[in-house]
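For reference, query-v2.pdb is printed below; it contains PDB, C-alpha atoms and all ligand atoms.
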```
ATOM      1  CA  MET A 167     117.299  82.811 138.692
ATOM      2  CA  THR A 168     114.511  80.824 140.289
ATOM      3  CA  ASP A 169     113.479  81.470 143.885
ATOM      4  CA  ARG A 170     115.065  78.197 144.862
ATOM      5  CA  GLU A 171     118.381  79.167 143.240
ATOM      6  CA  ALA A 172     118.238  82.590 144.868
ATOM      7  CA  LEU A 173     117.704  80.967 148.250
ATOM      8  CA  VAL A 174     120.699  78.667 147.828
ATOM      9  CA  ARG A 175     122.757  81.573 146.574
ATOM     10  CA  TYR A 176     121.764  83.718 149.524
ATOM     11  CA  ASP A 177     122.763  80.982 151.954
ATOM     12  CA  GLN A 178     126.149  80.617 150.254
ATOM     13  CA  LEU A 179     126.669  84.347 150.353
ATOM     14  CA  ALA A 180     125.762  84.662 154.045
ATOM     15  CA  SER A 181     127.945  81.734 155.029
ATOM     16  CA  ARG A 182     130.912  83.067 153.058
ATOM     17  CA  ILE A 183     130.446  86.518 154.611
ATOM     18  CA  TYR A 184     130.398  85.068 158.140
ATOM     19  CA  GLU A 185     133.528  83.053 157.322
ATOM     20  CA  GLU A 186     135.513  86.171 156.496
ATOM     21  CA  ARG A 187     137.236  86.918 159.768
ATOM     22  CA  ARG A 188     138.815  90.189 158.769
ATOM     23  CA  MET A 189     135.428  91.725 157.936
ATOM     24  CA  PRO A 190     134.520  94.857 159.945
ATOM     25  CA  SER A 191     130.944  94.711 161.264
ATOM     26  CA  GLY A 192     129.772  97.690 159.176
ATOM     27  CA  THR A 193     130.948  96.059 155.947
ATOM     28  CA  ARG A 194     129.305  92.808 157.002
ATOM     29  CA  ASP A 195     125.977  94.548 157.644
ATOM     30  CA  LEU A 196     126.141  96.217 154.259
ATOM     31  CA  LEU A 197     126.987  92.992 152.418
ATOM     32  CA  LEU A 198     124.261  90.999 154.133
ATOM     33  CA  ALA A 199     121.718  93.727 153.361
ATOM     34  CA  LEU A 200     122.824  93.888 149.721
ATOM     35  CA  GLY A 201     122.514  90.125 149.511
ATOM     36  CA  TRP A 202     119.073  90.175 151.064
ATOM     37  CA  VAL A 203     117.827  92.964 148.799
ATOM     38  CA  THR A 204     119.291  91.358 145.691
ATOM     39  CA  LEU A 205     118.266  87.772 146.317
ATOM     40  CA  ARG A 206     115.550  87.422 148.929
ATOM     41  CA  ASP A 207     113.689  90.632 149.639
ATOM     42  CA  PRO A 208     109.973  90.170 148.746
ATOM     43  CA  ARG A 209     110.125  93.628 147.171
ATOM     44  CA  ARG A 210     113.124  92.880 144.966
ATOM     45  CA  HIS A 211     111.048  92.858 141.784
ATOM     46  CA  ASP A 212     109.507  96.255 142.472
ATOM     47  CA  PRO A 213     110.661  98.411 139.523
ATOM     48  CA  ALA A 214     110.289 101.596 141.571
ATOM     49  CA  LEU A 215     113.021 100.549 144.002
ATOM     50  CA  THR A 216     116.721 100.647 143.291
ATOM     51  CA  ILE A 217     118.931  98.144 145.056
ATOM     52  CA  TRP A 218     120.872 100.898 146.756
ATOM     53  CA  ALA A 219     117.793 102.802 147.975
ATOM     54  CA  ARG A 220     116.214  99.620 149.218
ATOM     55  CA  THR A 221     119.420  98.570 150.988
ATOM     56  CA  ARG A 222     119.540 101.943 152.707
ATOM     57  CA  ASP A 223     115.958 101.419 153.918
ATOM     58  CA  VAL A 224     116.667  97.889 155.105
ATOM     59  CA  LEU A 225     119.640  99.159 157.109
ATOM     60  CA  ASN A 226     117.615 102.088 158.428
ATOM     61  CA  ALA A 227     120.481 104.323 157.324
ATOM     62  CA  ASP A 228     120.718 107.743 155.708
ATOM     63  CA  ASN A 229     122.889 108.632 152.727
ATOM     64  CA  LYS A 230     125.743 109.780 154.905
ATOM     65  CA  ARG A 231     125.844 106.450 156.734
ATOM     66  CA  MET A 232     125.854 104.590 153.415
ATOM     67  CA  TRP A 233     128.871 106.582 152.244
ATOM     68  CA  GLN A 234     130.572 105.962 155.589
ATOM     69  CA  LEU A 235     130.102 102.244 155.111
ATOM     70  CA  ILE A 236     131.763 102.458 151.704
ATOM     71  CA  THR A 237     134.600 104.540 153.162
ATOM     72  CA  GLU A 238     135.325 101.814 155.692
ATOM     73  CA  ASP A 239     135.920  99.403 152.825
ATOM     74  CA  VAL A 240     138.218 101.615 150.755
ATOM     75  CA  PRO A 241     141.098  99.341 149.664
ATOM     76  CA  ARG A 242     144.244 100.626 151.300
ATOM     77  CA  TYR A 243     147.406  99.892 153.172
ATOM     78  CA  ASP A 244     147.122 100.768 156.847
ATOM     79  CA  SER A 245     150.488 100.486 158.588
ATOM     80  CA  ASP A 246     148.848 100.544 162.037
ATOM     81  CA  LEU A 247     147.028  97.299 161.316
ATOM     82  CA  HIS A 248     149.999  94.996 161.125
ATOM     83  CA  ASP A 249     152.859  96.739 162.870
ATOM     84  CA  ASP A 250     152.941  95.132 166.275
ATOM     85  CA  SER A 251     156.604  95.913 166.879
ATOM     86  CA  PRO A 252     157.240  95.608 170.606
ATOM     87  CA  MET A 253     157.865  98.622 172.787
ATOM     88  CA  GLY A 254     161.411  99.037 173.958
ATOM     89  CA  CYS A 255     164.755  97.931 172.585
ATOM     90  CA  GLN A 256     164.405  95.092 170.084
ATOM     91  CA  ALA A 257     167.927  93.674 170.307
ATOM     92  CA  PRO A 258     167.835  90.092 171.602
ATOM     93  CA  MET A 259     169.484  89.250 174.901
ATOM     94  CA  ILE A 260     172.283  86.768 174.492
ATOM     95  CA  ARG A 261     171.341  84.204 177.096
ATOM     96  CA  ALA A 262     167.756  84.977 178.023
ATOM     97  CA  LYS A 263     165.277  84.239 175.266
ATOM     98  CA  ARG A 264     163.792  87.676 175.188
ATOM     99  CA  LEU A 265     164.411  91.155 173.835
ATOM    100  CA  CYS A 266     166.396  93.756 175.720
ATOM    101  CA  GLY A 267     163.312  95.946 176.189
ATOM    102  CA  ARG A 268     165.026  99.038 177.611
ATOM    103  CA  SER A 269     163.827 102.492 176.614
ATOM    104  CA  THR A 270     164.808 103.230 173.051
ATOM    105  CA  MET A 271     167.262 105.903 172.049
ATOM    106  CA  HIS A 272     167.318 105.105 168.334
ATOM    107  CA  GLY A 273     164.181 104.533 166.308
ATOM    108  CA  PHE A 274     163.619 104.167 162.578
ATOM    109  CA  SER A 275     161.383 102.337 160.165
ATOM    110  CA  GLU A 276     162.209  99.826 157.495
ATOM    111  CA  CYS A 277     160.206  98.920 154.428
ATOM    112  CA  ASP A 278     159.888  95.265 153.447
ATOM    113  CA  PRO A 279     161.253  94.810 149.905
ATOM    114  CA  ALA A 280     158.623  92.170 149.065
ATOM    115  CA  THR A 281     155.430  93.612 150.548
ATOM    116  CA  GLY A 282     156.183  97.320 150.804
ATOM    117  CA  TRP A 283     154.980  97.167 154.419
ATOM    118  CA  SER A 284     156.903  99.152 156.957
ATOM    119  CA  ARG A 285     157.909  98.155 160.439
ATOM    120  CA  HIS A 286     159.347 100.088 163.295
ATOM    121  CA  TRP A 287     162.685  99.370 164.915
ATOM    122  CA  GLY A 288     163.845 100.736 168.272
ATOM    123  CA  PHE A 289     167.107 100.222 170.186
ATOM    124  CA  CYS A 290     168.627 101.423 173.413
ATOM    125  CA  ASN A 291     172.048 102.958 173.755
ATOM    126  CA  ARG A 292     173.962  99.964 175.083
ATOM    127  CA  PRO A 293     176.969  99.148 172.855
ATOM    128  CA  ARG A 294     175.826  95.576 172.270
ATOM    129  CA  CYS A 295     172.370  96.680 171.192
ATOM    130  CA  ARG A 296     173.799  99.396 168.952
ATOM    131  CA  GLU A 297     176.027  96.804 167.359
ATOM    132  CA  TYR A 298     173.014  94.603 166.683
ATOM    133  CA  MET A 299     171.217  97.610 165.222
ATOM    134  CA  ALA A 300     173.963  98.670 162.791
ATOM    135  CA  PRO A 301     173.255  96.240 159.900
ATOM    136  CA  ILE A 302     169.500  96.733 160.273
ATOM    137  CA  TRP A 303     169.966 100.479 160.071
ATOM    138  CA  GLU A 304     172.104 100.051 156.948
ATOM    139  CA  ARG A 305     169.482  97.812 155.390
ATOM    140  CA  SER A 306     166.688 100.229 156.219
ATOM    141  CA  ARG A 307     168.294 103.218 154.534
ATOM    142  CA  GLY A 308     166.578 103.831 151.239
ATOM    143  CA  SER A 309     164.299 100.842 151.817
ATOM    144  CA  HIS A 310     161.243 103.076 151.430
ATOM    145  CA  LYS A 311     162.415 104.193 148.023
ATOM    146  CA  ARG A 312     163.272 100.704 146.830
ATOM    147  CA  ALA A 313     160.142  98.998 148.145
ATOM    148  CA  PRO A 314     157.141  98.332 145.897
ATOM    149  CA  GLU A 315     153.749  99.915 146.453
ATOM    150  CA  PRO A 316     152.541  98.397 149.735
ATOM    151  CA  ILE A 317     150.183  95.478 149.326
ATOM    152  CA  PRO A 318     146.800  96.646 150.673
ATOM    153  CA  ASN A 319     145.784  95.137 154.003
ATOM    154  CA  ALA A 320     142.389  96.744 154.607
ATOM    155  CA  GLY A 321     139.100  97.149 152.744
ATOM    156  CA  GLY A 322     138.421  95.663 149.326
ATOM    157  CA  LEU A 323     135.760  93.263 150.623
ATOM    158  CA  LEU A 324     132.645  94.658 148.908
ATOM    159  CA  PRO A 325     134.049  93.855 145.425
ATOM    160  CA  LEU A 326     134.653  90.285 146.585
ATOM    161  CA  PHE A 327     130.922  89.676 146.533
ATOM    162  CA  PHE A 328     129.339  92.222 144.218
ATOM    163  CA  SER A 329     130.331  93.637 140.872
ATOM    164  CA  TRP A 330     129.825  97.378 140.757
ATOM    165  CA  ASN A 331     131.709 100.478 139.749
ATOM    166  CA  TRP A 332     133.451 100.423 143.114
ATOM    167  CA  GLU A 333     136.331 102.627 142.101
ATOM    168  CA  SER A 334     134.138 105.657 141.536
ATOM    169  CA  LYS A 335     132.118 104.839 144.685
ATOM    170  CA  TYR A 336     135.265 104.656 146.816
ATOM    171  CA  ARG A 337     136.543 107.884 145.321
ATOM    172  CA  LYS A 338     133.295 109.695 145.998
ATOM    173  CA  ALA A 339     133.059 108.263 149.515
ATOM    174  CA  MET A 340     136.578 109.467 150.343
ATOM    175  CA  GLU A 341     135.705 112.953 149.114
ATOM    176  CA  LEU A 342     132.388 113.137 150.945
ATOM    177  CA  ILE A 343     133.363 111.549 154.231
ATOM    178  CA  LYS A 344     137.112 112.052 154.579
ATOM    179  CA  TYR A 345     137.467 115.210 152.460
ATOM    180  CA  HIS A 346     140.299 113.299 150.894
ATOM    181  CA  SER A 347     140.503 113.604 147.138
ATOM    182  CA  SER A 348     143.893 112.030 146.572
ATOM    183  CA  TRP A 349     142.923 108.396 147.128
ATOM    184  CA  GLU A 350     144.032 106.228 144.230
ATOM    185  CA  PRO A 351     143.062 102.618 143.652
ATOM    186  CA  PRO A 352     145.834 100.175 144.592
ATOM    187  CA  GLY A 353     147.863  98.944 141.643
ATOM    188  CA  TYR A 354     147.133  95.410 142.859
ATOM    189  CA  GLY A 355     143.387  95.778 142.245
ATOM    190  CA  LEU A 356     140.312  96.846 144.178
ATOM    191  CA  SER A 357     139.209  93.445 145.372
ATOM    192  CA  ALA A 358     141.010  91.800 148.293
ATOM    193  CA  ASP A 359     141.158  88.456 146.449
ATOM    194  CA  GLU A 360     143.368  90.068 143.776
ATOM    195  CA  TRP A 361     146.065  91.125 146.213
ATOM    196  CA  PRO A 362     149.246  89.070 146.548
ATOM    197  CA  THR A 363     149.278  86.969 149.680
ATOM    198  CA  VAL A 364     151.596  88.298 152.335
ATOM    199  CA  PRO A 365     153.714  85.589 153.986
ATOM    200  CA  GLY A 366     152.195  84.681 157.329
ATOM    201  CA  THR A 367     148.672  85.718 156.357
ATOM    202  CA  GLU A 368     145.835  83.687 154.921
ATOM    203  CA  PRO A 369     144.888  84.274 151.290
ATOM    204  CA  VAL A 370     141.484  85.844 150.683
ATOM    205  CA  LYS A 371     139.128  83.395 149.025
ATOM    206  CA  ALA A 372     137.366  84.381 145.834
ATOM    207  CA  PHE A 373     133.586  84.224 145.629
ATOM    208  CA  PRO A 374     131.336  84.170 142.553
ATOM    209  CA  LYS A 375     130.251  87.772 142.325
ATOM    210  CA  LEU A 376     126.719  89.046 142.086
ATOM    211  CA  ARG A 377     126.139  91.853 139.675
ATOM    212  CA  LEU A 378     124.933  94.766 141.711
ATOM    213  CA  VAL A 379     124.433  96.886 138.744
ATOM    214  CA  ALA A 380     125.121  99.978 136.858
ATOM    215  CA  SER A 381     126.287 102.076 134.049
ATOM    216  CA  ASP A 382     128.009 105.425 134.494
ATOM    217  CA  GLY A 383     127.753 105.264 138.246
ATOM    218  CA  GLU A 384     123.965 105.246 138.208
ATOM    219  CA  ILE A 385     122.098 102.498 139.928
ATOM    220  CA  LEU A 386     119.772 100.705 137.577
ATOM    221  CA  THR A 387     117.006  98.394 138.553
ATOM    222  CA  PRO A 388     117.873  95.152 136.861
ATOM    223  CA  PRO A 389     115.000  92.801 136.056
ATOM    224  CA  ALA A 390     116.688  90.278 138.312
ATOM    225  CA  PRO A 391     120.116  89.966 139.857
ATOM    226  CA  ARG A 392     122.549  88.385 137.476
ATOM    227  CA  LEU A 393     125.285  85.992 138.359
ATOM    228  CA  THR A 394     128.684  86.725 136.973
ATOM    229  CA  PRO A 395     131.467  84.176 136.917
ATOM    230  CA  ALA A 396     134.109  84.610 139.598
TER     231      ALA A 396
HETATM  232 ZN    ZN A 401     168.971  97.333 174.269
END
```

Exercise: express the given structure as structure tokens:
Amino acid sequence: MTDREALVRYDQLASRIYEERRMPSGTRDLLLALGWVTLRDPRRHDPALTIWARTRDVLNADNKRMWQLITEDVPRYDSDLHDDSPMGCQAPMIRAKRLCGRSTMHGFSECDPATGWSRHWGFCNRPRCREYMAPIWERSRGSHKRAPEPIPNAGGLLPLFFSWNWESKYRKAMELIKYHSSWEPPGYGLSADEWPTVPGTEPVKAFPKLRLVASDGEILTPPAPRLTPA
């Protein structure tokens, strides 16, 4: 890649990163630093520097912080992120265009058969509200068993931009930072652009990935960053 091509590529990368609205700031910092180190850093051809070590320096971070940043991007389903079920009884009022809203006496969750996402239902004890609840309660029973693996709704952004052995990085990050060794990669894939689009959400756009590196989990110093097709 010529310097001119690297410059154009860096601009595309930065603009695509800023476009991604669901990007947490830590992940954005890491991606921008990786892009800088890979494409623009005056020291990028220094054979003594690995991309990862140089990125850590650029971010003024220690190893622990770097693993934290990876942890924040672990692809996962986080039910707290989307469940904005209202407080109070969710049975609609007949005339007023609003929900009942009284304190709930009956609460349960239901799993969406298409997305595997769960939502919370709550109802008060009034007969009319209980009547409204009955078919929903029926539908919810066993819905967790029938539902597919939930479509991930968090993380998975680093692999959108860089090819790397992310699975082993995520696994190690979960062990080191969260002491959590049971994380498994989503069946839908590690990268957010591979996940099925959930109705009502915007699809994640693909981006031609930069090869960050590596064999067997070790960071190599490539002669120059290599473009890989999206
Ligand atoms: Zn009610």

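Note that the spacing between CA of Leu342 (chain A) and CA of Gly322 (chain A) amounts to 18.6 Å.
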
Enumerate as a list in words the residues within 6 Å of ligand ZN 401 (chain A), counting only C-alpha atoms and all ligand atoms.
-> Cys255, Ala257, Cys266, Arg268, Phe289, Cys290, Arg292 and Cys295 of chain A

List the residues selected by the PyMOL selection byres (((chain A and resi 203-214) around 7) and not hetatm) in the file shown, writing them as a ChimeraX atom specification.
-> /A:172-173,176,199-202,215-217,220-221,387,389,391

Counting all atoms listed in the file, select every polymer residue within 12 Å of (129.4, 97.4, 160.2) as defined in the file's coordinates, and provide the selection as a count of residues only.
-> 22

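Nearest residue to Asp246 (chain A) among A:Trp233, A:Thr270, A:Trp218, A:Ser284 is A:Ser284, counting all atoms listed in the file.
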
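With the shown file loaded, the PyMOL selection byres (((chain A and resi 323) around 7) and not hetatm) picks out Asp239, Gly321, Gly322, Leu324, Pro325, Leu326, Ser357 and Ala358 of chain A.
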
Taking C-alpha atoms for each residue, export the selection above as a PDB file, in the coordinates of the input.
```
ATOM      1  CA  ASP A 239     135.920  99.403 152.825  1.00  0.00           C
ATOM      2  CA  GLY A 321     139.100  97.149 152.744  1.00  0.00           C
ATOM      3  CA  GLY A 322     138.421  95.663 149.326  1.00  0.00           C
ATOM      4  CA  LEU A 324     132.645  94.658 148.908  1.00  0.00           C
ATOM      5  CA  PRO A 325     134.049  93.855 145.425  1.00  0.00           C
ATOM      6  CA  LEU A 326     134.653  90.285 146.585  1.00  0.00           C
ATOM      7  CA  SER A 357     139.209  93.445 145.372  1.00  0.00           C
ATOM      8  CA  ALA A 358     141.010  91.800 148.293  1.00  0.00           C
TER       9      ALA A 358
END
```

Please, what distance in Å, to one decimal, runs between CA of Tyr298 (chain A) and CA of Thr367 (chain A)?
-> 27.9 Å

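The two atoms in question, CA of Arg377 (chain A) and CA of Ile343 (chain A), are spaced 25.5 Å apart.
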
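Residues in contact range of Ser348 (chain A), defined as at most 12 Å between all atoms listed in the file, with sequence neighbours fewer than 3 positions away removed, read Tyr336, Arg337, Lys338, Ala339, Met340, Glu341, Lys344, Tyr345 and Pro351 of chain A.
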
Contacts of region 313-315 of chain A at 7 Å or less, counting only C-alpha atoms, minus same-chain residues fewer than 6 places along, as an MDAnalysis selection string?
-> chainID A and resid 277:279 281:282

Any chance you can output those residues with C-alpha atoms as an mmCIF file, keeping the file's coordinate frame?
```
data_model
loop_
_atom_site.group_PDB
_atom_site.id
_atom_site.type_symbol
_atom_site.label_atom_id
_atom_site.label_comp_id
_atom_site.auth_asym_id
_atom_site.auth_seq_id
_atom_site.Cartn_x
_atom_site.Cartn_y
_atom_site.Cartn_z
ATOM 1 C CA CYS A 277 160.206 98.920 154.428
ATOM 2 C CA ASP A 278 159.888 95.265 153.447
ATOM 3 C CA PRO A 279 161.253 94.810 149.905
ATOM 4 C CA THR A 281 155.430 93.612 150.548
ATOM 5 C CA GLY A 282 156.183 97.320 150.804
#
```

If you take every atom of region 291-308 of chain A that the file lists and fit an axis-aligned box around them with 3 Å extra on each side, what centre and edge lengths come out in Å to one decimal, as AutoDock Vina command-line options?
```
--center_x 171.8 --center_y 99.2 --center_z 163.2 --size_x 16.4 --size_y 15.2 --size_z 29.8
```

Can you find the residues with an atom no farther than 8 Å from (162.3, 104.4, 164.1), counting only C-alpha atoms, and report them as a short mmCIF file (atom, residue, chain, number, x, y, z; two decimals) with C-alpha atoms, keeping the file's coordinate frame?
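Result written to point.cif:
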```cif
data_model
loop_
_atom_site.label_atom_id
_atom_site.label_comp_id
_atom_site.auth_asym_id
_atom_site.auth_seq_id
_atom_site.Cartn_x
_atom_site.Cartn_y
_atom_site.Cartn_z
CA HIS A 272 167.32 105.10 168.33
CA GLY A 273 164.18 104.53 166.31
CA PHE A 274 163.62 104.17 162.58
CA SER A 275 161.38 102.34 160.16
CA HIS A 286 159.35 100.09 163.29
CA TRP A 287 162.68 99.37 164.92
CA GLY A 288 163.84 100.74 168.27
#
```

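For the choices A:Gln256, A:Ser334, A:Ser309, A:Ser181, the atom-to-atom distance to Trp283 (chain A) is smallest for A:Ser309 when using only C-alpha atoms.
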
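Nearest to Ala372 (chain A) of all the residues A:Val174, A:Phe328, A:Arg222, A:Lys311 is A:Phe328, based on all atoms listed in the file.
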
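Comparing the minimum interatomic distances between Val370 (chain A) and each of A:Trp349, A:Phe327, A:Trp332, A:Trp303, counting only C-alpha atoms, we find that A:Phe327 sits nearest.
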